[in-house]
Amino acid sequence: MPVATQATVKGLTFDEVRCLGAETVLSNAYHLYLRPGVERVRDAGGLHRFMGWGGPILTDSGGYQAFSMGTLRRVNDDGIVFRSHIDGSEHRFTPESAIINQHGIGADIIMCFDQCVFSAGDPAAVREAMERTHRWAQACYDTHARSGQSGRQALFGIVQGGTVPELRRQSAQYITGIPFDGYAIGGLAVGETKAEMHDVTGLVCEGLPTDRPRYLMGVGSPEDLVNSVALGVDMFDCVLPTRVARNGALFTPTGRVSIANRRFAEQDAPLDDTCDCYACGNYTAAYLRHLFKAGEMLGPRLASIHNLRFILRLMSDMRSAIAERRFAAFRANFLDTYQPTDEGRRQAQKHRWIEERGA
């Protein structure tokens, strides 16, 4: 799912996003609650009409955003009190209000309110957050069931528990005991190693129903998508493809490259001659490099188009490989060819910094 946090995939129109092969996009209830506001979105006819997207929309409840606020938030069993990053005003989210906000926004898939913590943090804090997430999940389910929205909006529960295997097993057992429409794996890509992330993903997937969607939240690097699909995950979202694109980092079959690299200055051919995106079909790598060097807005737009198409085509290729019973060979070939970056290390540093701010 391309990420349209504030009702837009940065720099692109939704016609472009649709043409890239996207079927569902993700928006964030925290950001939309603050601006333009839930009532404004509802009065505009709901989020689909407000932003001009006719396909399905998933909204995150805002739990992760509240976690990342550091010293600007306070957590207790009732919910989270936080200060707006826009104007400093104080707000309060509870499980009930998080669901009501998402009802007002009108997404097709809505998420339970959860507490996300640094996955490798204090085990007692991880357990406390998990148990709180469980209580909030039941409150979210009850609020949704009473609202009459169950037939209109799917509600997903979220499994937490850090990188502690026993906690993850307990969380999967508890959350799947509530009849949600789908199940998400939360609290990953927040500082743990890649090996830990894959171990936890595999462990949790073993405890999730096979007849409901499985959603790994916030994970989007190509190698992680392939490995997580192998473990049984169906759905993903991440800002990574467009965020790195705006900084001139583009995906290729052999790994991520920087278009600013001098070797592209005289490449009068597409960046990737196997790619069918608009950028590769119409422009050379040398031209893309020129746009970034000149600070032209078209550069990040074309890079975003390319990266999203790369990811969406990868997902499509995996679906075909599964349907044709050749996924194991597809995965082996992809991982032999694609060289990952050190994005995981940088993300770990970022989330440790967030945790220290909140300590």
# chains A, B, ... in the order shown; residues from 1 in each chain; ligands from 1
>>> closest_atom_pairs(of="segment 28-118 of chain A", to="segment 131-155 of chain A", cutoff="10 Å", atoms="only C-alpha atoms", output="Markdown table")
| residue | atom | partner | partner_atom | distance |
| --- | --- | --- | --- | --- |
| A:Leu58 | CA | A:Ala154 | CA | 9.2 |
| A:Gly63 | CA | A:Thr133 | CA | 9.9 |
| A:Asn76 | CA | A:Arg132 | CA | 8.7 |
| A:Asp77 | CA | A:Arg132 | CA | 6.5 |
| A:Asp78 | CA | A:Trp136 | CA | 8.5 |
| A:Gly79 | CA | A:Trp136 | CA | 8.4 |
| A:Thr94 | CA | A:Trp136 | CA | 8.2 |
| A:Pro95 | CA | A:Cys140 | CA | 5.4 |
| A:Glu96 | CA | A:Cys140 | CA | 5.8 |
| A:Ser97 | CA | A:Cys140 | CA | 8.9 |
| A:Ala98 | CA | A:Cys140 | CA | 8.0 |
| A:Ile99 | CA | A:Cys140 | CA | 6.3 |
| A:Ile100 | CA | A:Thr143 | CA | 8.0 |
| A:Gln102 | CA | A:Gln153 | CA | 9.3 |
| A:His103 | CA | A:Gln149 | CA | 7.5 |
| A:Gly106 | CA | A:Gln153 | CA | 7.8 |
| A:Ala107 | CA | A:Gln153 | CA | 6.9 |
| A:Asp108 | CA | A:Gln153 | CA | 4.8 |
| A:Ile109 | CA | A:Ala154 | CA | 4.7 |
| A:Ile110 | CA | A:Leu155 | CA | 5.0 |
| A:Met111 | CA | A:Leu155 | CA | 5.7 |
| A:Cys112 | CA | A:Ala137 | CA | 5.8 |
| A:Phe113 | CA | A:Trp136 | CA | 6.4 |
| A:Asp114 | CA | A:Thr133 | CA | 4.8 |
| A:Gln115 | CA | A:Thr133 | CA | 5.7 |
| A:Cys116 | CA | A:Thr133 | CA | 8.5 |
>>> residues_around(residues="Ala328 of chain A", least_positions_apart="5", cutoff="12 Å", atoms="only C-alpha atoms", output="VMD selection string")
chain A and resid 226 to 227 229 to 231 318 321 to 323 333 to 335
>>> closest_residue(among="A:Asp181, A:Asp317, A:Asp336, A:Glu196", to="Gly255 of chain A", atoms="only C-alpha atoms")
A:Asp336
>>> atom_distance(atom1="atom CA of Arg262 of chain A", atom2="atom CA of Leu250 of chain A")
14.6 Å
>>> closest_residue(among="A:Ser119, A:Arg246, A:Pro270, A:Arg326", to="Val200 of chain A", atoms="only C-alpha atoms")
A:Ser119
>>> select_by_dssp(residues="segment 125-304 of chain A", states="strand (DSSP E or B)", output="compact mmCIF listing (two decimals) with N, CA and C atoms, in the first residue's frame")
# COMPACT_ATOMS: atom_id res chain seq x y z
N ALA A 154 -13.84 -2.82 7.63
CA ALA A 154 -13.16 -3.95 8.25
C ALA A 154 -12.25 -3.44 9.36
N LEU A 155 -12.21 -4.14 10.48
CA LEU A 155 -11.37 -3.77 11.62
C LEU A 155 -10.30 -4.83 11.82
N PHE A 156 -9.03 -4.38 11.87
CA PHE A 156 -7.90 -5.29 12.08
C PHE A 156 -7.37 -5.13 13.51
N GLY A 157 -7.05 -6.25 14.14
CA GLY A 157 -6.34 -6.24 15.42
C GLY A 157 -4.84 -6.26 15.20
N ILE A 158 -4.09 -5.86 16.22
CA ILE A 158 -2.64 -5.73 16.10
C ILE A 158 -1.95 -6.55 17.18
N VAL A 159 -1.02 -7.40 16.77
CA VAL A 159 -0.21 -8.21 17.68
C VAL A 159 1.03 -7.41 18.06
N GLY A 182 -9.10 -8.94 10.08
CA GLY A 182 -7.73 -9.21 9.67
C GLY A 182 -6.82 -8.98 10.86
N TYR A 183 -5.55 -9.39 10.73
CA TYR A 183 -4.62 -9.30 11.85
C TYR A 183 -3.30 -8.70 11.39
N ALA A 184 -2.82 -7.75 12.17
CA ALA A 184 -1.59 -7.05 11.84
C ALA A 184 -0.49 -7.39 12.84
N ILE A 185 0.74 -7.33 12.34
CA ILE A 185 1.92 -7.50 13.19
C ILE A 185 2.52 -6.12 13.36
N ARG A 214 -3.13 -10.96 6.62
CA ARG A 214 -2.03 -10.73 7.57
C ARG A 214 -1.24 -9.51 7.09
N TYR A 215 -1.08 -8.56 7.96
CA TYR A 215 -0.54 -7.25 7.59
C TYR A 215 0.67 -6.93 8.45
N LEU A 216 1.83 -6.78 7.82
CA LEU A 216 3.06 -6.39 8.53
C LEU A 216 3.23 -4.88 8.39
N MET A 235 0.01 -8.24 3.39
CA MET A 235 -0.15 -6.80 3.21
C MET A 235 1.02 -6.04 3.84
N PHE A 236 1.38 -4.94 3.20
CA PHE A 236 2.49 -4.11 3.69
C PHE A 236 2.19 -2.64 3.41
N ALA A 249 17.39 8.31 -4.24
CA ALA A 249 17.72 6.89 -4.13
C ALA A 249 16.67 6.08 -4.87
N LEU A 250 17.10 5.28 -5.83
CA LEU A 250 16.16 4.55 -6.68
C LEU A 250 16.44 3.05 -6.63
N PHE A 251 15.36 2.27 -6.67
CA PHE A 251 15.47 0.82 -6.67
C PHE A 251 15.80 0.31 -8.07
N THR A 252 16.67 -0.68 -8.12
CA THR A 252 16.97 -1.40 -9.36
C THR A 252 17.00 -2.89 -9.04
N GLY A 255 19.78 -3.66 -6.60
CA GLY A 255 19.87 -2.92 -5.35
C GLY A 255 19.54 -1.45 -5.53
N ARG A 256 19.62 -0.73 -4.44
CA ARG A 256 19.30 0.70 -4.45
C ARG A 256 20.52 1.50 -4.87
N VAL A 257 20.30 2.52 -5.71
CA VAL A 257 21.40 3.34 -6.19
C VAL A 257 21.09 4.81 -5.94
N SER A 258 22.13 5.62 -5.88
CA SER A 258 21.97 7.07 -5.78
C SER A 258 22.12 7.66 -7.17
>>> atom_distance(atom1="atom CA of Lys10 of chain A", atom2="atom CA of Asp43 of chain A")
23.8 Å
>>> residues_around(residues="Ala303 of chain A", least_positions_apart="3", cutoff="10 Å", atoms="only C-alpha atoms", output="list in words")
Pro241, Thr242, Arg243, Val244, Ala245, Arg246, Asn247, Gly248, Ala249, Leu250, Phe251, Ile259, Tyr278, Ala279, Cys280, Leu288, Phe292, Leu298, Gly299, Pro300, His306, Asn307, Leu308 and Arg309 of chain A
>>> atom_distance(atom1="atom CA of Leu20 of chain A", atom2="atom CA of Ser316 of chain A")
11.2 Å
>>> closest_residue(among="A:Ser89, A:Gln65, A:Gln6, A:Ser84", to="Phe50 of chain A", atoms="only C-alpha atoms")
A:Gln6
>>> residues_around(residues="Asn101 of chain A", least_positions_apart="4", cutoff="9 Å", atoms="only C-alpha atoms", output="list in words")
Ala29, Tyr30, Tyr33, Val38, Glu39, Ser61, Glu96, Ser97, Ile105 and Gly106 of chain A
>>> write_last_selection(atoms="N, CA, C and O atoms", output="mmCIF file, in the first residue's frame")
data_model
loop_
_atom_site.group_PDB
_atom_site.id
_atom_site.type_symbol
_atom_site.label_atom_id
_atom_site.label_comp_id
_atom_site.auth_asym_id
_atom_site.auth_seq_id
_atom_site.Cartn_x
_atom_site.Cartn_y
_atom_site.Cartn_z
ATOM 1 N N ALA A 29 -4.873 8.392 10.541
ATOM 2 C CA ALA A 29 -5.952 9.055 11.275
ATOM 3 C C ALA A 29 -5.432 10.129 12.216
ATOM 4 O O ALA A 29 -6.131 11.116 12.480
ATOM 5 N N TYR A 30 -4.222 9.951 12.738
ATOM 6 C CA TYR A 30 -3.641 10.977 13.616
ATOM 7 C C TYR A 30 -3.482 12.295 12.859
ATOM 8 O O TYR A 30 -3.913 13.352 13.317
ATOM 9 N N TYR A 33 -6.869 13.751 11.767
ATOM 10 C CA TYR A 33 -7.580 14.295 12.932
ATOM 11 C C TYR A 33 -7.112 15.715 13.232
ATOM 12 O O TYR A 33 -7.922 16.608 13.519
ATOM 13 N N VAL A 38 -11.494 15.543 11.469
ATOM 14 C CA VAL A 38 -12.404 14.458 11.110
ATOM 15 C C VAL A 38 -13.725 15.004 10.576
ATOM 16 O O VAL A 38 -14.260 14.513 9.571
ATOM 17 N N GLU A 39 -14.268 16.037 11.217
ATOM 18 C CA GLU A 39 -15.543 16.589 10.763
ATOM 19 C C GLU A 39 -15.448 17.143 9.353
ATOM 20 O O GLU A 39 -16.362 16.983 8.536
ATOM 21 N N SER A 61 -4.442 3.942 13.149
ATOM 22 C CA SER A 61 -5.188 4.611 14.221
ATOM 23 C C SER A 61 -4.472 5.813 14.812
ATOM 24 O O SER A 61 -5.095 6.697 15.385
ATOM 25 N N GLU A 96 -11.694 4.061 22.139
ATOM 26 C CA GLU A 96 -13.014 4.404 21.609
ATOM 27 C C GLU A 96 -12.947 5.567 20.627
ATOM 28 O O GLU A 96 -13.527 5.515 19.530
ATOM 29 N N SER A 97 -12.207 6.618 20.989
ATOM 30 C CA SER A 97 -12.139 7.791 20.106
ATOM 31 C C SER A 97 -11.369 7.476 18.828
ATOM 32 O O SER A 97 -11.681 8.004 17.751
ATOM 33 N N ILE A 105 -13.764 9.339 9.273
ATOM 34 C CA ILE A 105 -12.909 9.501 8.091
ATOM 35 C C ILE A 105 -13.419 8.641 6.942
ATOM 36 O O ILE A 105 -13.359 9.052 5.780
ATOM 37 N N GLY A 106 -13.918 7.449 7.263
ATOM 38 C CA GLY A 106 -14.572 6.629 6.255
ATOM 39 C C GLY A 106 -13.695 5.664 5.501
ATOM 40 O O GLY A 106 -14.026 5.280 4.370
#
>>> closest_residue(among="A:Leu314, A:Ala66, A:Val117, A:Ala260", to="Arg92 of chain A", atoms="only C-alpha atoms")
A:Ala66
>>> decode(residues="segment 46-72 of chain A", atoms="N, CA and C atoms", output="mmCIF file, in the first residue's frame")
data_model
loop_
_atom_site.group_PDB
_atom_site.id
_atom_site.type_symbol
_atom_site.label_atom_id
_atom_site.label_comp_id
_atom_site.auth_asym_id
_atom_site.auth_seq_id
_atom_site.Cartn_x
_atom_site.Cartn_y
_atom_site.Cartn_z
ATOM 1 N N GLY A 46 -16.454 12.037 3.055
ATOM 2 C CA GLY A 46 -15.559 10.950 3.396
ATOM 3 C C GLY A 46 -14.231 11.084 2.687
ATOM 4 N N LEU A 47 -13.264 10.304 3.136
ATOM 5 C CA LEU A 47 -11.890 10.459 2.654
ATOM 6 C C LEU A 47 -11.755 10.142 1.164
ATOM 7 N N HIS A 48 -12.487 9.143 0.663
ATOM 8 C CA HIS A 48 -12.390 8.802 -0.758
ATOM 9 C C HIS A 48 -12.710 10.014 -1.625
ATOM 10 N N ARG A 49 -13.831 10.656 -1.337
ATOM 11 C CA ARG A 49 -14.245 11.805 -2.138
ATOM 12 C C ARG A 49 -13.337 13.001 -1.878
ATOM 13 N N PHE A 50 -12.932 13.181 -0.625
ATOM 14 C CA PHE A 50 -12.099 14.332 -0.264
ATOM 15 C C PHE A 50 -10.794 14.326 -1.035
ATOM 16 N N MET A 51 -10.173 13.152 -1.183
ATOM 17 C CA MET A 51 -8.859 13.126 -1.833
ATOM 18 C C MET A 51 -8.900 12.554 -3.254
ATOM 19 N N GLY A 52 -10.086 12.147 -3.725
ATOM 20 C CA GLY A 52 -10.213 11.720 -5.105
ATOM 21 C C GLY A 52 -9.626 10.358 -5.408
ATOM 22 N N TRP A 53 -9.767 9.450 -4.470
ATOM 23 C CA TRP A 53 -9.264 8.069 -4.656
ATOM 24 C C TRP A 53 -10.446 7.124 -4.581
ATOM 25 N N GLY A 54 -10.687 6.353 -5.647
ATOM 26 C CA GLY A 54 -11.837 5.481 -5.692
ATOM 27 C C GLY A 54 -11.608 4.087 -5.167
ATOM 28 N N GLY A 55 -10.356 3.722 -4.864
ATOM 29 C CA GLY A 55 -10.052 2.387 -4.370
ATOM 30 C C GLY A 55 -10.141 2.296 -2.857
ATOM 31 N N PRO A 56 -9.826 1.127 -2.315
ATOM 32 C CA PRO A 56 -9.841 0.948 -0.866
ATOM 33 C C PRO A 56 -8.790 1.819 -0.168
ATOM 34 N N ILE A 57 -9.104 2.210 1.070
ATOM 35 C CA ILE A 57 -8.191 2.983 1.914
ATOM 36 C C ILE A 57 -8.092 2.287 3.267
ATOM 37 N N LEU A 58 -6.884 2.182 3.784
ATOM 38 C CA LEU A 58 -6.643 1.725 5.151
ATOM 39 C C LEU A 58 -6.149 2.915 5.961
ATOM 40 N N THR A 59 -6.690 3.093 7.169
ATOM 41 C CA THR A 59 -6.167 4.139 8.057
ATOM 42 C C THR A 59 -5.527 3.519 9.288
ATOM 43 N N ASP A 60 -4.332 3.998 9.611
ATOM 44 C CA ASP A 60 -3.686 3.650 10.869
ATOM 45 C C ASP A 60 -4.322 4.496 11.961
ATOM 46 N N SER A 61 -4.442 3.942 13.149
ATOM 47 C CA SER A 61 -5.188 4.611 14.221
ATOM 48 C C SER A 61 -4.472 5.813 14.812
ATOM 49 N N GLY A 62 -3.141 5.848 14.710
ATOM 50 C CA GLY A 62 -2.367 6.923 15.320
ATOM 51 C C GLY A 62 -1.519 6.484 16.490
ATOM 52 N N GLY A 63 -1.587 5.190 16.839
ATOM 53 C CA GLY A 63 -0.793 4.698 17.968
ATOM 54 C C GLY A 63 0.697 4.880 17.760
ATOM 55 N N TYR A 64 1.183 4.563 16.566
ATOM 56 C CA TYR A 64 2.612 4.702 16.304
ATOM 57 C C TYR A 64 3.035 6.164 16.344
ATOM 58 N N GLN A 65 2.207 7.052 15.790
ATOM 59 C CA GLN A 65 2.556 8.469 15.794
ATOM 60 C C GLN A 65 2.645 9.009 17.223
ATOM 61 N N ALA A 66 1.720 8.552 18.077
ATOM 62 C CA ALA A 66 1.781 8.980 19.473
ATOM 63 C C ALA A 66 3.052 8.457 20.138
ATOM 64 N N PHE A 67 3.432 7.218 19.835
ATOM 65 C CA PHE A 67 4.679 6.653 20.358
ATOM 66 C C PHE A 67 5.872 7.520 19.963
ATOM 67 N N SER A 68 5.889 7.964 18.715
ATOM 68 C CA SER A 68 7.048 8.684 18.208
ATOM 69 C C SER A 68 7.114 10.127 18.693
ATOM 70 N N MET A 69 6.106 10.581 19.471
ATOM 71 C CA MET A 69 6.097 11.969 19.950
ATOM 72 C C MET A 69 7.068 12.194 21.103
ATOM 73 N N GLY A 70 7.598 11.104 21.698
ATOM 74 C CA GLY A 70 8.570 11.250 22.774
ATOM 75 C C GLY A 70 7.994 11.985 23.972
ATOM 76 N N THR A 71 8.633 13.063 24.384
ATOM 77 C CA THR A 71 8.224 13.807 25.579
ATOM 78 C C THR A 71 6.927 14.576 25.375
ATOM 79 N N LEU A 72 6.393 14.610 24.148
ATOM 80 C CA LEU A 72 5.143 15.321 23.889
ATOM 81 C C LEU A 72 3.922 14.461 24.177
#
